[in-house]
Amino acid sequence: MEPQTFRVTRADLVRYAGASGDFNPIHWSDRVATSVGLPGVIAHGMFTMALVGRAVTHWAGAPDAVAEFSVRFSRPVPVPDTDEGTEVVVTATVKETTDDGLTRLALTATCQGEKVLSLAQAVIRKR
Amino acid sequence: MPLDQSFVGRSWPATEPYQVGREKIREFARAIGATDAEYHDPEAARALGYADVVAPPTFPVAITMAASRQIIEDPALGLDYSRVVHGDQKFAYARPVVAGDALVCVNSVDEITSRGGHDFLTTRTEVTTEAGEPVVTVWSKLVQRGEA
């Protein structure tokens with residue numbers, strides 16, 4: 001399946017914080033992020049997962065086709081305070097298609113060439 | 001200090017119903033850059049058989065994260081939230097969340113483990129309608145990093 005690329009900026013993190021209710025300062029304050037040993041502000045893991053979810057529903061061709069969706073957050077996604085921010089690239093390979101119309105996708109997400117998720121997969125159902 | 005193992009297997013009383021609003025779904029979809037018509041336009045969602053706009057797959061976490069405070073903020077558990085990072089996340093859907101749903105959460109602790117100086121807490125939240133219709137089950141594994 002065609003890889004999908006998502007740009008992530010600080011503005012996206014602020015908007016996601018408001019929409020999701022996750023106001024952890026490591027997602028908007030460099031001061032707090034560096035004080036806990038991070039390189040700087042990082043994306044919400046659930047924001048990264050949401051981008052992967054966009055890729056999955058795009059591949060599935062329907063916004064309600066996801067039966068299961070799981071990830072492990074293996075590495076943070078640093079988001080520099082620049083207009084360009086950073087990029088997350090999402091790929092999928094079909095692992096299995098069952099007789100009852102379910103398809104299991106193995107997913108990857110990378111940022112600056114590093115995998116930021118492991119054990120990521122989705123099960124999509126045919127509509 | 002390790003987390004209190006006696007939390008494993010415990011369940012908490014159902015939360016007050018969360019009223020899923022159409023504008024909240026639209027706001028969440030905009031925040032993740034999702035432009036699919038079914039997240040924004042009730043007519044498009046009705047064409048798929050839903051009563052109103054449907055929510056993107058990770059939307060339930062906006063409900064369950066708040067609901068799980070009844071576990072993670074219990075001082076008896078011993079979790080220091082300033083040392084917590086998100087480890088794993090899983091959703092199993094019976095159907096998408098739809099605007100107009102009133103959803104209740106029943107939280108449980110599935111597992112507490114320790115490895116390499118870190119503590120791992122897996123919570124499970126069963127999200128249902130007030131009538132008990134299953135909507136989505138949400139698992140979160142939180143990692144409490146060891147003190148350096």
# chains A, B, ... in the order shown; residues from 1 in each chain; ligands from 1
>>> closest_atom_pairs(of="chain B", to="chain A", cutoff="6 Å", atoms="only C-alpha atoms", output="JSON lines")
{"residue": "B:Phe28", "atom": "CA", "partner": "A:Ala19", "partner_atom": "CA", "distance": 5.1}
{"residue": "B:Ala31", "atom": "CA", "partner": "A:Tyr16", "partner_atom": "CA", "distance": 5.1}
{"residue": "B:Thr58", "atom": "CA", "partner": "A:Ala50", "partner_atom": "CA", "distance": 5.7}
{"residue": "B:Ala62", "atom": "CA", "partner": "A:Ser20", "partner_atom": "CA", "distance": 5.0}
{"residue": "B:Gly87", "atom": "CA", "partner": "A:Phe73", "partner_atom": "CA", "distance": 5.4}
{"residue": "B:Asp88", "atom": "CA", "partner": "A:Arg72", "partner_atom": "CA", "distance": 4.2}
{"residue": "B:Gln89", "atom": "CA", "partner": "A:Val71", "partner_atom": "CA", "distance": 5.5}
{"residue": "B:Lys90", "atom": "CA", "partner": "A:Ser70", "partner_atom": "CA", "distance": 4.0}
{"residue": "B:Phe91", "atom": "CA", "partner": "A:Phe69", "partner_atom": "CA", "distance": 5.2}
{"residue": "B:Ala92", "atom": "CA", "partner": "A:Glu68", "partner_atom": "CA", "distance": 4.4}
{"residue": "B:Tyr93", "atom": "CA", "partner": "A:Ala67", "partner_atom": "CA", "distance": 5.1}
{"residue": "B:Pro96", "atom": "CA", "partner": "A:Asp64", "partner_atom": "CA", "distance": 6.0}
>>> select_by_dssp(residues="stretch 2-119 of chain B", states="strand (DSSP E)", output="ChimeraX atom specification")
/B:18-19,84-93,102-115,118-119
>>> atom_distance(atom1="atom CA of B:Asp110", atom2="atom CA of B:Val138")
11.5 Å
>>> atom_distance(atom1="atom CA of B:Pro75", atom2="atom CA of B:Glu16")
21.6 Å
>>> residues_around(residues="stretch 140-147 of chain B", least_positions_apart="6", cutoff="8 Å", atoms="only C-alpha atoms", output="PyMOL selection string")
chain B and resi 79-81+83-90+117-124
>>> write_last_selection(atoms="C-alpha atoms", output="PDB file, in the first residue's frame")
ATOM      1  CA  LEU B  79       1.570   5.956  40.636  1.00  0.00           C
ATOM      2  CA  ASP B  80       3.775   9.040  40.186  1.00  0.00           C
ATOM      3  CA  TYR B  81       2.233  10.561  37.072  1.00  0.00           C
ATOM      4  CA  ARG B  83       7.254   9.661  35.609  1.00  0.00           C
ATOM      5  CA  VAL B  84       4.579   8.074  33.415  1.00  0.00           C
ATOM      6  CA  VAL B  85       4.844   7.568  29.666  1.00  0.00           C
ATOM      7  CA  HIS B  86       2.372   5.878  27.355  1.00  0.00           C
ATOM      8  CA  GLY B  87       3.501   2.349  26.502  1.00  0.00           C
ATOM      9  CA  ASP B  88       0.796   0.554  24.491  1.00  0.00           C
ATOM     10  CA  GLN B  89      -2.666   1.388  23.282  1.00  0.00           C
ATOM     11  CA  LYS B  90      -5.336  -0.902  21.861  1.00  0.00           C
ATOM     12  CA  GLY B 117      13.250  -0.864  37.330  1.00  0.00           C
ATOM     13  CA  HIS B 118      10.121   0.259  35.483  1.00  0.00           C
ATOM     14  CA  ASP B 119       6.505  -0.439  36.464  1.00  0.00           C
ATOM     15  CA  PHE B 120       3.808  -1.282  33.936  1.00  0.00           C
ATOM     16  CA  LEU B 121       0.087  -0.773  34.489  1.00  0.00           C
ATOM     17  CA  THR B 122      -2.484  -2.083  32.004  1.00  0.00           C
ATOM     18  CA  THR B 123      -5.981  -0.674  32.328  1.00  0.00           C
ATOM     19  CA  ARG B 124      -9.035  -1.848  30.409  1.00  0.00           C
TER      20      ARG B 124
END
>>> select_by_dssp(residues="stretch 1-144 of chain B", states="helix (DSSP H, G or I)", output="PyMOL selection string")
chain B and resi 5-7+22-31+37-40+42-47+60-67+69-72+75-77+81-83
>>> residues_around(residues="B:Asn107", least_positions_apart="6", cutoff="12 Å", atoms="only C-alpha atoms", output="ChimeraX atom specification")
/B:7-15,63-72,122-128,137-140
>>> residues_around(residues="B:Val97", least_positions_apart="2", cutoff="9 Å", atoms="only C-alpha atoms", output="PyMOL selection string")
chain B and resi 20+53-57+59-60+95+99-101+103+135-136
>>> write_last_selection(atoms="C-alpha atoms", output="PDB file, in the first residue's frame")
ATOM      1  CA  VAL B  20     -20.877  12.698  22.692  1.00  0.00           C
ATOM      2  CA  VAL B  53     -21.504  12.015  12.506  1.00  0.00           C
ATOM      3  CA  VAL B  54     -19.136   9.160  13.473  1.00  0.00           C
ATOM      4  CA  ALA B  55     -15.897   9.629  15.397  1.00  0.00           C
ATOM      5  CA  PRO B  56     -12.376   8.756  14.195  1.00  0.00           C
ATOM      6  CA  PRO B  57     -10.936   5.495  15.612  1.00  0.00           C
ATOM      7  CA  PHE B  59     -11.582   9.465  19.575  1.00  0.00           C
ATOM      8  CA  PRO B  60     -12.623   7.157  22.474  1.00  0.00           C
ATOM      9  CA  ARG B  95     -19.048   0.044  16.251  1.00  0.00           C
ATOM     10  CA  ALA B  99     -22.678  11.861  18.002  1.00  0.00           C
ATOM     11  CA  GLY B 100     -25.628  11.617  20.370  1.00  0.00           C
ATOM     12  CA  ASP B 101     -24.223   8.587  22.210  1.00  0.00           C
ATOM     13  CA  LEU B 103     -21.360   6.473  26.955  1.00  0.00           C
ATOM     14  CA  VAL B 135     -19.226   0.192  21.709  1.00  0.00           C
ATOM     15  CA  VAL B 136     -15.478  -0.152  22.211  1.00  0.00           C
TER      16      VAL B 136
END
>>> atom_distance(atom1="atom CA of A:Arg10", atom2="atom CA of A:Asp30")
10.9 Å
>>> closest_residue(among="A:Leu38, A:Cys111, A:Val32, A:Val89", to="A:Gln4", atoms="only C-alpha atoms")
A:Val89
